[in-house]
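Shown next, in structure tokens, is the structure this report addresses.
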Amino acid sequence: MFIFGLLLLLLLAWIWQRWHFGYWQRLGVPQTPATPFVGNVWRLLRGCCCFGDQFRELYESAAAKGEAYVGIHVLHNHALLLREPALIKRILIEDFAQFSSRFETTDAIGDTMGSQNLFFSKYEMWRETHKIFAPFFAAGKVRHMFGLLQQIGRQLEQHMARQLAASGSSATAFELEVKQLSALFSTDIIASLAFGLEANCLQQPDAEFRRMCIEVNEPRPKRLLHLFTMFFFPRCSRQLRTHLYSEEYERFMRKSMNWVMEQRAASGEQRHDLIDIFLQLQRNQPPESVVHRRDFYVAQAAFLLLAGFDTSSSTITFALYELARQPAIQQRLRQELAAALLGGVSGELDYDTLSGLPYLRQVVDEVLRLYPPTAFLDRCCNAKAGYDLSAWSRGKPLRLPPGTPVYISVLGLHRDEQVRKRFAPEQRAQHQPMTYLPFGAGPRGCLGTLLGLLEIKVGLFYILKNYRVESCPRTLPEMKFDAKSFVLTAAGGTYLRFIHEPL
Ligand code: HEM
């Protein structure tokens, strides 16, 4: 009886999963074959690839080729992966009202620090918060941040000079893990802008701020489970009490924020950073405003730190990796920097010169094409009546049910031979819109685009001004992404040799 019962159960489970995973087929939507019970994310679940690689594989799957979209299953969730650029534009920009939030959700009640930031917040909360922060990241404001970035760029220069000196008095080169180096630089920048603090990571690489930024990205099983639930089972976030950050990170960030706000309120100092804005909001906003909710300020600052330091430092790292592998491109870039330095004052470049260098821009754009740090985007269909996709369906008319997540593989689009793009000024104009999305697009596109780009350029300038980079025995011959990292990161680190050859 027992064996019979078990077999019956297995048979019923098998029939159920065949029916469940046939969902898209029944709707006449092309669908990638799913693995029983786990859908299309089996490699991600087993830790064999990262989020970015998993979505790229689905983008490139046989069922998806030539289609505007393809049905996928993220475990038991029915989801669509969009491929057609014109459809992507509709979802991200033109029909934003129907896709105004991301699918991921964290526990809105228990996780006050994780749920109130711009990335995770749902439309109503997002709209109010976005209005407050958008001006801070506008072009004029970012230009004013240049002085601070330069100051930290000089500290990066000094940090590298100390590395060279530590390699021996007559040393002309040293080897280094580059992600660590660029993360020290980008953490110092965002800590200063978002927390108004001199984190001093470049001067003391084991400074508490840096330790916390490493801690927040540690791939601990509990964190991975929470992230997976937030992104793919958001309805269970409440029951699982998901938290975006660890308790230690939350404690540290709250303590830092309280301390800075008290100090600043007492001193009345103006630093043109987020703390100035927070104090103004505290005074001026009506009592019902979102800004008076518990943890509102620290939630914003902690997220900006997370969003800002890892993405920019990844890009600096991949840029140096590619330059080491392609000496001719590195030489041309260093020549451009050298020529610009001739017109600069005492080894410095001003904002307009640095941001206007065409070849530097070309290199950064190409690196972001090959290695978009946030390698996939998502939105959730929030229209009560669903969303009509019939214009894009080849078979039956299709209405996307409300609550369905849609994904975009940025890595897949960027590496698609059919939509290959080049960044030389004369070729840029020929790009098909929505095929290059390192910063996403639409109202929920990256708020820190200008700052992120400037940070990358400043970092590369202060490194390449003094050093040429080369591969070393520990450099990965082929790039492989770390399966446990959310932002694209090289597996095992990116080691390079820095040769002291000042421009
Ligand atoms: C190379 C650097 C960066 C890259 C590649 C990047 C990429 C992205 C991407 C792809 C998104 C999602 C966009 C979408 O869903 O359409 C995003 C969102 C966001 N990023 Fe960035 N980012 C970078 C730097 C920064 C910096 C420096 C900051 C601020 C300090 C920042 C703040 C944000 C915020 C607040 C959001 C959420 C926007 C919203 O939902 O309204 N990012 N970023």
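Just so we're on the same page: first chain in the structure tokens is A, next is B, and so on; residues restart at 1 for each chain, and ligands are numbered from 1 in the order they show up.
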- prompt: Taking only C-alpha atoms and all ligand atoms into account, which residues are within 8 Å of ligand 1, as a PyMOL selection string?
  reply: chain A and resi 92+101-102+117-121+126+130+137+190+194+303-315+368+372-379+437-453+455-456
Given the selection you just returned, output its residues as a file containing N, CA and C atoms, formatted as a short mmCIF file (atom, residue, chain, number, x, y, z; two decimals), in the first residue's frame.
```
data_model
loop_
_atom_site.label_atom_id
_atom_site.label_comp_id
_atom_site.auth_asym_id
_atom_site.auth_seq_id
_atom_site.Cartn_x
_atom_site.Cartn_y
_atom_site.Cartn_z
N LEU A 92 9.63 49.40 -20.75
CA LEU A 92 10.43 50.22 -19.84
C LEU A 92 10.04 51.70 -19.88
N SER A 101 6.85 49.04 -11.30
CA SER A 101 7.66 48.51 -10.18
C SER A 101 8.45 47.30 -10.64
N ARG A 102 9.50 47.02 -9.88
CA ARG A 102 10.24 45.78 -10.14
C ARG A 102 9.50 44.62 -9.48
N ASN A 117 14.30 51.70 -0.07
CA ASN A 117 15.19 52.36 -1.04
C ASN A 117 14.53 52.42 -2.41
N LEU A 118 15.13 53.21 -3.29
CA LEU A 118 14.54 53.45 -4.62
C LEU A 118 14.40 52.17 -5.43
N PHE A 119 15.34 51.28 -5.30
CA PHE A 119 15.33 50.08 -6.13
C PHE A 119 14.18 49.15 -5.77
N PHE A 120 13.97 48.94 -4.48
CA PHE A 120 12.97 47.97 -4.05
C PHE A 120 11.57 48.56 -3.87
N SER A 121 11.49 49.90 -3.67
CA SER A 121 10.18 50.43 -3.29
C SER A 121 9.19 50.34 -4.44
N TRP A 126 8.10 54.95 -4.34
CA TRP A 126 9.19 55.27 -5.27
C TRP A 126 9.01 56.69 -5.84
N HIS A 130 11.82 59.33 -5.44
CA HIS A 130 12.54 59.68 -6.67
C HIS A 130 12.56 61.20 -6.87
N PHE A 137 21.31 63.89 -8.41
CA PHE A 137 22.17 63.19 -9.39
C PHE A 137 22.13 63.84 -10.77
N ILE A 190 31.46 57.01 -2.56
CA ILE A 190 30.03 56.96 -2.22
C ILE A 190 29.82 57.20 -0.72
N ALA A 194 27.16 59.91 0.18
CA ALA A 194 25.89 59.46 0.76
C ALA A 194 25.88 59.58 2.28
N PHE A 303 21.60 52.00 0.50
CA PHE A 303 21.41 51.43 -0.84
C PHE A 303 22.30 52.12 -1.87
N LEU A 304 22.42 53.44 -1.75
CA LEU A 304 23.26 54.16 -2.72
C LEU A 304 24.70 53.67 -2.62
N LEU A 305 25.11 53.37 -1.40
CA LEU A 305 26.46 52.84 -1.20
C LEU A 305 26.58 51.50 -1.94
N LEU A 306 25.60 50.64 -1.74
CA LEU A 306 25.62 49.31 -2.36
C LEU A 306 25.56 49.43 -3.88
N ALA A 307 24.64 50.29 -4.37
CA ALA A 307 24.44 50.43 -5.83
C ALA A 307 25.65 51.09 -6.47
N GLY A 308 26.31 51.95 -5.73
CA GLY A 308 27.35 52.76 -6.33
C GLY A 308 28.74 52.17 -6.28
N PHE A 309 29.08 51.46 -5.20
CA PHE A 309 30.49 51.08 -5.12
C PHE A 309 30.81 49.83 -5.93
N ASP A 310 29.89 48.88 -5.98
CA ASP A 310 30.20 47.60 -6.61
C ASP A 310 30.15 47.70 -8.13
N THR A 311 29.17 48.46 -8.63
CA THR A 311 29.00 48.57 -10.08
C THR A 311 30.19 49.32 -10.71
N SER A 312 30.55 50.46 -10.13
CA SER A 312 31.63 51.24 -10.72
C SER A 312 32.96 50.50 -10.58
N SER A 313 33.17 49.87 -9.41
CA SER A 313 34.46 49.20 -9.24
C SER A 313 34.56 47.98 -10.17
N SER A 314 33.45 47.32 -10.44
CA SER A 314 33.47 46.20 -11.40
C SER A 314 33.87 46.71 -12.78
N THR A 315 33.33 47.86 -13.15
CA THR A 315 33.62 48.37 -14.50
C THR A 315 35.08 48.77 -14.62
N LEU A 368 31.28 48.45 -20.68
CA LEU A 368 29.92 48.27 -20.14
C LEU A 368 29.06 47.41 -21.07
N PRO A 372 28.17 44.33 -18.50
CA PRO A 372 27.23 45.21 -17.78
C PRO A 372 27.10 44.71 -16.33
N PRO A 373 27.48 45.53 -15.35
CA PRO A 373 27.51 45.01 -13.97
C PRO A 373 26.16 44.46 -13.51
N THR A 374 25.07 45.17 -13.86
CA THR A 374 23.73 44.65 -13.54
C THR A 374 23.24 43.99 -14.82
N ALA A 375 23.40 42.67 -14.89
CA ALA A 375 23.30 42.00 -16.19
C ALA A 375 21.88 41.63 -16.59
N PHE A 376 20.91 41.87 -15.72
CA PHE A 376 19.52 41.67 -16.14
C PHE A 376 18.64 42.72 -15.48
N LEU A 377 17.52 43.01 -16.14
CA LEU A 377 16.54 43.96 -15.59
C LEU A 377 15.23 43.22 -15.41
N ASP A 378 14.37 43.75 -14.56
CA ASP A 378 13.05 43.15 -14.48
C ASP A 378 12.00 44.18 -14.12
N ARG A 379 10.78 43.87 -14.47
CA ARG A 379 9.63 44.68 -14.11
C ARG A 379 8.49 43.72 -13.85
N LEU A 437 21.92 48.63 -22.79
CA LEU A 437 21.19 49.03 -21.58
C LEU A 437 22.00 48.83 -20.29
N PRO A 438 23.25 49.29 -20.23
CA PRO A 438 24.00 49.04 -18.99
C PRO A 438 23.39 49.74 -17.79
N PHE A 439 22.64 50.83 -18.03
CA PHE A 439 22.03 51.56 -16.91
C PHE A 439 20.52 51.41 -16.91
N GLY A 440 20.01 50.39 -17.62
CA GLY A 440 18.56 50.23 -17.73
C GLY A 440 17.99 51.37 -18.55
N ALA A 441 16.69 51.61 -18.41
CA ALA A 441 16.06 52.71 -19.19
C ALA A 441 14.73 53.07 -18.58
N GLY A 442 14.24 54.25 -18.97
CA GLY A 442 12.92 54.69 -18.51
C GLY A 442 12.99 55.33 -17.14
N PRO A 443 11.81 55.68 -16.58
CA PRO A 443 11.80 56.37 -15.29
C PRO A 443 12.53 55.60 -14.19
N ARG A 444 12.57 54.27 -14.29
CA ARG A 444 13.27 53.50 -13.25
C ARG A 444 14.67 53.09 -13.67
N GLY A 445 15.19 53.75 -14.69
CA GLY A 445 16.58 53.50 -15.07
C GLY A 445 17.51 54.01 -13.96
N CYS A 446 18.80 53.71 -14.09
CA CYS A 446 19.75 54.05 -13.02
C CYS A 446 19.79 55.55 -12.75
N LEU A 447 19.67 55.89 -11.48
CA LEU A 447 19.69 57.29 -11.09
C LEU A 447 21.13 57.82 -11.07
N GLY A 448 22.08 56.92 -10.87
CA GLY A 448 23.47 57.35 -10.70
C GLY A 448 24.30 57.24 -11.97
N THR A 449 23.65 57.23 -13.14
CA THR A 449 24.40 57.03 -14.40
C THR A 449 25.56 58.02 -14.55
N LEU A 450 25.29 59.30 -14.40
CA LEU A 450 26.33 60.30 -14.63
C LEU A 450 27.44 60.18 -13.60
N LEU A 451 27.03 59.98 -12.35
CA LEU A 451 28.04 59.84 -11.30
C LEU A 451 28.87 58.57 -11.54
N GLY A 452 28.19 57.47 -11.87
CA GLY A 452 28.89 56.20 -12.10
C GLY A 452 29.92 56.36 -13.22
N LEU A 453 29.52 56.99 -14.33
CA LEU A 453 30.43 57.15 -15.47
C LEU A 453 31.63 58.02 -15.09
N GLU A 455 32.84 58.50 -12.09
CA GLU A 455 33.68 57.75 -11.14
C GLU A 455 34.62 56.80 -11.89
N ILE A 456 34.08 56.12 -12.88
CA ILE A 456 34.88 55.16 -13.66
C ILE A 456 36.01 55.90 -14.38
#
```
Test item: residues at most 12 Å from Ala483 of chain A, only C-alpha atoms, excluding those fewer than 6 positions along its chain, as a list in words: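 Close residues of Ala483 of chain A: Arg43, Leu44, Leu45, Arg46, Gly47, Cys48, Cys49, Cys50, Phe51, Gly52, Asp53, Gln54, Pro219, Leu224, Thr489, Ala490, Ala491 and Gly492 of chain A.
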For Val178 of chain A: contacts at 7 Å, only C-alpha atoms, fewer than 5 positions along chain excluded, given as a VMD selection string: chain A and resid 317 494 to 496
Just N, CA, C and O atoms for this one: save the residues we selected as a short mmCIF file (atom, residue, chain, number, x, y, z; two decimals), in the first residue's frame.
```cif
data_model
loop_
_atom_site.label_atom_id
_atom_site.label_comp_id
_atom_site.auth_asym_id
_atom_site.auth_seq_id
_atom_site.Cartn_x
_atom_site.Cartn_y
_atom_site.Cartn_z
N THR A 317 37.50 47.50 -13.02
CA THR A 317 38.25 46.25 -13.03
C THR A 317 38.22 45.60 -14.42
O THR A 317 39.26 45.22 -14.97
N THR A 494 40.53 39.44 -10.15
CA THR A 494 41.19 39.88 -11.39
C THR A 494 42.58 40.37 -11.02
O THR A 494 42.74 41.47 -10.49
N TYR A 495 43.58 39.53 -11.28
CA TYR A 495 44.96 39.91 -10.94
C TYR A 495 45.66 40.49 -12.16
O TYR A 495 45.55 39.93 -13.25
N LEU A 496 46.33 41.60 -11.95
CA LEU A 496 47.07 42.22 -13.06
C LEU A 496 48.41 42.74 -12.54
O LEU A 496 48.60 42.94 -11.34
#
```
field: Long-range neighbours of Tyr359 of chain A as a list in words, 12 Å cut-off, only C-alpha atoms, 5 positions minimum in chain
entry: Ile329, Gln330, Gln331, Arg332, Leu333, Arg334, Gln335, Glu336, Leu337, Ala339, Ala340, Leu354, Val364, Asp365, Glu366, Phe423, Ala424, Pro425 and Lys457 of chain A
message: Just to confirm, what's the straight-line distance from atom CA of Arg154 of chain A to atom CA of Lys141 of chain A in Å (one decimal)?
response: 21.1 Å
- prompt: Out of A:Leu460, A:Leu7, A:Leu176, A:Ala429, which residue has the shortest atom-to-atom distance to Ser355 of chain A when counting only C-alpha atoms?
  reply: A:Leu460
message: Give me the residues near segment 247-261 of chain A as a PyMOL selection string, where near means some atom within 8 Å (using only C-alpha atoms) and where sequence neighbours in that chain fewer than 6 positions away do not count.
response: chain A and resi 113+195-197+212+215-216+275+279+295+297-298+302
Go ahead and write the residues just picked, all heavy atoms, as a tab-separated table (two decimals), in the first residue's frame.
```
chain	number	residue	atom	x	y	z
A	113	MET	N	15.05	48.87	6.31
A	113	MET	CA	16.20	49.42	5.58
A	113	MET	C	16.25	48.92	4.14
A	113	MET	O	16.71	49.62	3.25
A	113	MET	CB	17.50	49.05	6.30
A	113	MET	CG	18.00	50.20	7.15
A	113	MET	SD	19.52	49.81	7.97
A	113	MET	CE	20.70	49.94	6.65
A	195	PHE	N	27.04	59.37	2.92
A	195	PHE	CA	27.07	59.42	4.38
A	195	PHE	C	27.81	60.64	4.91
A	195	PHE	O	27.86	60.84	6.12
A	195	PHE	CB	27.76	58.15	4.93
A	195	PHE	CG	26.86	56.96	4.95
A	195	PHE	CD1	26.71	56.17	3.84
A	195	PHE	CD2	26.13	56.64	6.08
A	195	PHE	CE1	25.88	55.07	3.84
A	195	PHE	CE2	25.29	55.55	6.11
A	195	PHE	CZ	25.16	54.76	4.99
A	196	GLY	N	28.40	61.41	4.01
A	196	GLY	CA	29.14	62.59	4.46
A	196	GLY	C	30.33	62.21	5.32
A	196	GLY	O	30.76	62.97	6.18
A	197	LEU	N	30.88	61.02	5.09
A	197	LEU	CA	31.97	60.53	5.93
A	197	LEU	C	33.24	60.31	5.14
A	197	LEU	O	33.16	59.88	3.98
A	197	LEU	CB	31.60	59.16	6.49
A	197	LEU	CG	30.65	59.09	7.66
A	197	LEU	CD1	30.28	57.65	7.92
A	197	LEU	CD2	31.31	59.67	8.90
A	212	MET	N	32.59	46.57	6.17
A	212	MET	CA	31.13	46.42	6.09
A	212	MET	C	30.69	46.19	4.64
A	212	MET	O	29.76	45.44	4.38
A	212	MET	CB	30.43	47.67	6.63
A	212	MET	CG	30.46	47.74	8.11
A	212	MET	SD	29.57	46.34	8.82
A	212	MET	CE	30.63	45.95	10.16
A	215	GLU	N	31.40	42.73	3.88
A	215	GLU	CA	30.45	41.90	4.63
A	215	GLU	C	29.10	41.84	3.94
A	215	GLU	O	28.49	40.76	3.83
A	215	GLU	CB	30.33	42.51	6.04
A	215	GLU	CG	29.92	41.54	7.11
A	215	GLU	CD	28.41	41.41	7.22
A	215	GLU	OE1	27.67	42.27	6.71
A	215	GLU	OE2	27.97	40.42	7.78
A	216	VAL	N	28.64	42.98	3.41
A	216	VAL	CA	27.28	43.02	2.86
A	216	VAL	C	27.16	42.15	1.60
A	216	VAL	O	26.08	41.66	1.28
A	216	VAL	CB	26.84	44.48	2.57
A	216	VAL	CG1	27.50	45.06	1.36
A	216	VAL	CG2	25.34	44.57	2.42
A	275	ILE	N	23.62	64.37	3.10
A	275	ILE	CA	23.26	64.71	4.48
A	275	ILE	C	22.65	66.12	4.53
A	275	ILE	O	21.68	66.34	5.26
A	275	ILE	CB	24.49	64.61	5.43
A	275	ILE	CG1	25.14	63.24	5.30
A	275	ILE	CG2	24.12	64.91	6.87
A	275	ILE	CD1	24.29	62.07	5.73
A	279	LEU	N	18.88	66.76	6.08
A	279	LEU	CA	18.57	67.69	7.16
A	279	LEU	C	17.51	68.70	6.73
A	279	LEU	O	16.61	69.05	7.51
A	279	LEU	CB	19.84	68.40	7.65
A	279	LEU	CG	20.78	67.49	8.44
A	279	LEU	CD1	22.13	68.14	8.67
A	279	LEU	CD2	20.17	67.09	9.79
A	295	ASP	N	13.86	54.76	9.61
A	295	ASP	CA	14.98	54.29	8.79
A	295	ASP	C	15.01	54.86	7.37
A	295	ASP	O	15.77	54.38	6.53
A	295	ASP	CB	14.99	52.75	8.66
A	295	ASP	CG	15.60	52.09	9.88
A	295	ASP	OD1	16.32	52.78	10.62
A	295	ASP	OD2	15.35	50.90	10.08
A	297	TYR	N	16.17	57.63	5.96
A	297	TYR	CA	17.43	58.20	5.48
A	297	TYR	C	18.53	57.14	5.35
A	297	TYR	O	19.23	57.06	4.34
A	297	TYR	CB	17.92	59.32	6.41
A	297	TYR	CG	16.93	60.46	6.50
A	297	TYR	CD1	16.29	60.76	7.69
A	297	TYR	CD2	16.62	61.21	5.39
A	297	TYR	CE1	15.36	61.79	7.77
A	297	TYR	CE2	15.70	62.24	5.45
A	297	TYR	CZ	15.07	62.53	6.64
A	297	TYR	OH	14.16	63.53	6.69
A	298	VAL	N	18.64	56.32	6.37
A	298	VAL	CA	19.71	55.33	6.33
A	298	VAL	C	19.42	54.30	5.22
A	298	VAL	O	20.34	53.80	4.57
A	298	VAL	CB	19.93	54.67	7.72
A	298	VAL	CG1	18.76	53.85	8.17
A	298	VAL	CG2	21.20	53.85	7.72
A	302	ALA	N	22.32	53.67	2.58
A	302	ALA	CA	22.91	52.32	2.53
A	302	ALA	C	22.74	51.72	1.14
A	302	ALA	O	23.65	51.07	0.62
A	302	ALA	CB	22.25	51.42	3.57
```
Would you mind listing, for every residue of segment 16-120 of chain A within 8 Å of segment 392-400 of chain A, the two atoms forming the shortest contact and the distance between them in Å to one decimal, using only C-alpha atoms, sorted by chain and ascending residue number, as a tab-separated table?
```
residue	atom	partner	partner_atom	distance
A:Leu27	CA	A:Lys396	CA	7.1
A:Gly28	CA	A:Gly395	CA	5.8
A:Val29	CA	A:Ser393	CA	7.4
A:Ala68	CA	A:Trp392	CA	6.6
A:Leu87	CA	A:Trp392	CA	7.9
```
- request: Identify, on the basis of only C-alpha atoms, every residue whose closest approach to Phe498 of chain A does not exceed 7 Å; exclude the query and any residue fewer than 5 positions from it along the same chain; express the result as a ChimeraX atom specification.
  value: /A:173-175,467-470
For the residues in that selection, give me N, CA, C and O atoms as an mmCIF file, in the first residue's frame.
```cif
data_model
loop_
_atom_site.group_PDB
_atom_site.id
_atom_site.type_symbol
_atom_site.label_atom_id
_atom_site.label_comp_id
_atom_site.auth_asym_id
_atom_site.auth_seq_id
_atom_site.Cartn_x
_atom_site.Cartn_y
_atom_site.Cartn_z
ATOM 1 N N ALA A 173 57.383 47.524 -10.743
ATOM 2 C CA ALA A 173 56.083 46.914 -11.040
ATOM 3 C C ALA A 173 55.595 46.115 -9.836
ATOM 4 O O ALA A 173 56.386 45.756 -8.960
ATOM 5 N N PHE A 174 54.301 45.903 -9.784
ATOM 6 C CA PHE A 174 53.753 45.033 -8.736
ATOM 7 C C PHE A 174 52.468 44.396 -9.253
ATOM 8 O O PHE A 174 51.870 44.881 -10.222
ATOM 9 N N GLU A 175 52.072 43.300 -8.585
ATOM 10 C CA GLU A 175 50.827 42.627 -8.979
ATOM 11 C C GLU A 175 49.757 42.894 -7.934
ATOM 12 O O GLU A 175 50.062 43.021 -6.755
ATOM 13 N N TYR A 467 50.543 54.150 -14.508
ATOM 14 C CA TYR A 467 50.868 52.734 -14.727
ATOM 15 C C TYR A 467 50.333 52.222 -16.052
ATOM 16 O O TYR A 467 49.265 52.643 -16.515
ATOM 17 N N ARG A 468 51.086 51.268 -16.603
ATOM 18 C CA ARG A 468 50.597 50.462 -17.719
ATOM 19 C C ARG A 468 50.217 49.111 -17.107
ATOM 20 O O ARG A 468 50.878 48.665 -16.159
ATOM 21 N N VAL A 469 49.156 48.512 -17.601
ATOM 22 C CA VAL A 469 48.764 47.216 -17.015
ATOM 23 C C VAL A 469 49.061 46.076 -17.980
ATOM 24 O O VAL A 469 48.966 46.238 -19.195
ATOM 25 N N GLU A 470 49.402 44.950 -17.383
ATOM 26 C CA GLU A 470 49.726 43.751 -18.166
ATOM 27 C C GLU A 470 49.101 42.544 -17.478
ATOM 28 O O GLU A 470 48.898 42.564 -16.266
#
```
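Taking atom CA of Thr353 of chain A as the reference point, atom CA of Gly147 of chain A is found at 13.7 Å.
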query: Which is closest to Asp276 of chain A among A:Thr187, A:Phe136, A:Arg162, A:Glu288, if we use only C-alpha atoms?
result: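 The answer is A:Phe136, which sits nearest to Asp276 of chain A.
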task: Assign secondary structure with DSSP using the backbone only, and return the residues of segment 146-178 of chain A in helix (DSSP H, G or I) as a ChimeraX atom specification.
output: /A:146-166,178
Output of the above residues as an mmCIF file, in the first residue's frame, restricted to N, CA and C atoms:
```cif
data_model
loop_
_atom_site.group_PDB
_atom_site.id
_atom_site.type_symbol
_atom_site.label_atom_id
_atom_site.label_comp_id
_atom_site.auth_asym_id
_atom_site.auth_seq_id
_atom_site.Cartn_x
_atom_site.Cartn_y
_atom_site.Cartn_z
ATOM 1 N N PHE A 146 32.855 66.697 -8.760
ATOM 2 C CA PHE A 146 34.128 66.351 -9.397
ATOM 3 C C PHE A 146 35.317 66.602 -8.463
ATOM 4 N N GLY A 147 35.273 67.713 -7.729
ATOM 5 C CA GLY A 147 36.387 68.059 -6.828
ATOM 6 C C GLY A 147 36.619 66.934 -5.817
ATOM 7 N N LEU A 148 35.539 66.412 -5.282
ATOM 8 C CA LEU A 148 35.657 65.334 -4.306
ATOM 9 C C LEU A 148 36.238 64.075 -4.969
ATOM 10 N N LEU A 149 35.743 63.795 -6.171
ATOM 11 C CA LEU A 149 36.235 62.602 -6.878
ATOM 12 C C LEU A 149 37.735 62.726 -7.163
ATOM 13 N N GLN A 150 38.145 63.946 -7.527
ATOM 14 C CA GLN A 150 39.568 64.192 -7.802
ATOM 15 C C GLN A 150 40.413 63.953 -6.552
ATOM 16 N N GLN A 151 39.878 64.472 -5.437
ATOM 17 C CA GLN A 151 40.595 64.329 -4.165
ATOM 18 C C GLN A 151 40.805 62.837 -3.848
ATOM 19 N N ILE A 152 39.768 62.042 -4.064
ATOM 20 C CA ILE A 152 39.888 60.608 -3.769
ATOM 21 C C ILE A 152 40.748 59.933 -4.851
ATOM 22 N N GLY A 153 40.716 60.483 -6.080
ATOM 23 C CA GLY A 153 41.602 59.980 -7.134
ATOM 24 C C GLY A 153 43.071 60.145 -6.729
ATOM 25 N N ARG A 154 43.382 61.286 -6.103
ATOM 26 C CA ARG A 154 44.776 61.510 -5.672
ATOM 27 C C ARG A 154 45.142 60.518 -4.567
ATOM 28 N N GLN A 155 44.173 60.204 -3.720
ATOM 29 C CA GLN A 155 44.463 59.211 -2.669
ATOM 30 C C GLN A 155 44.704 57.834 -3.292
ATOM 31 N N LEU A 156 44.011 57.573 -4.398
ATOM 32 C CA LEU A 156 44.226 56.302 -5.108
ATOM 33 C C LEU A 156 45.659 56.258 -5.648
ATOM 34 N N GLU A 157 46.089 57.397 -6.183
ATOM 35 C CA GLU A 157 47.464 57.506 -6.687
ATOM 36 C C GLU A 157 48.472 57.209 -5.569
ATOM 37 N N GLN A 158 48.212 57.825 -4.388
ATOM 38 C CA GLN A 158 49.135 57.629 -3.257
ATOM 39 C C GLN A 158 49.111 56.178 -2.775
ATOM 40 N N HIS A 159 47.922 55.603 -2.769
ATOM 41 C CA HIS A 159 47.783 54.208 -2.333
ATOM 42 C C HIS A 159 48.623 53.302 -3.241
ATOM 43 N N MET A 160 48.567 53.573 -4.549
ATOM 44 C CA MET A 160 49.323 52.736 -5.485
ATOM 45 C C MET A 160 50.821 52.987 -5.347
ATOM 46 N N ALA A 161 51.190 54.229 -5.039
ATOM 47 C CA ALA A 161 52.621 54.523 -4.832
ATOM 48 C C ALA A 161 53.123 53.731 -3.611
ATOM 49 N N ARG A 162 52.265 53.599 -2.595
ATOM 50 C CA ARG A 162 52.666 52.817 -1.412
ATOM 51 C C ARG A 162 52.819 51.338 -1.776
ATOM 52 N N GLN A 163 51.963 50.852 -2.658
ATOM 53 C CA GLN A 163 52.057 49.449 -3.095
ATOM 54 C C GLN A 163 53.375 49.219 -3.827
ATOM 55 N N LEU A 164 53.729 50.207 -4.661
ATOM 56 C CA LEU A 164 54.972 50.077 -5.430
ATOM 57 C C LEU A 164 56.170 50.087 -4.473
ATOM 58 N N ALA A 165 56.137 51.028 -3.521
ATOM 59 C CA ALA A 165 57.252 51.129 -2.564
ATOM 60 C C ALA A 165 57.369 49.842 -1.749
ATOM 61 N N ALA A 166 56.221 49.249 -1.429
ATOM 62 C CA ALA A 166 56.247 48.032 -0.610
ATOM 63 C C ALA A 166 56.825 46.850 -1.388
ATOM 64 N N VAL A 178 42.623 43.620 -8.730
ATOM 65 C CA VAL A 178 42.151 44.944 -9.120
ATOM 66 C C VAL A 178 40.775 45.302 -8.543
#
```
task: Could you please determine the separation between atom CA of Arg211 of chain A and atom CA of Lys179 of chain A in Å, to one decimal place?
output: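 Pair atom CA of Arg211 of chain A / atom CA of Lys179 of chain A returns 14.4 Å.
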message: When DSSP is applied to the backbone of this structure, which of segment 98-292 of chain A are assigned strand (DSSP E)? Write them out as a PyMOL selection string.
response: chain A and resi 173-177
message: Counting only C-alpha atoms, which residue out of A:Asn77, A:Gln31, A:Asn40, A:Ser100 sits closest to Ala62 of chain A?
response: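 Closest to Ala62 of chain A of all the choices is A:Gln31.
Comparing A:Thr32, A:Arg264, A:Val363, A:Ala183 by their smallest distance to Gln326 of chain A, the closest is A:Val363 (using only C-alpha atoms).
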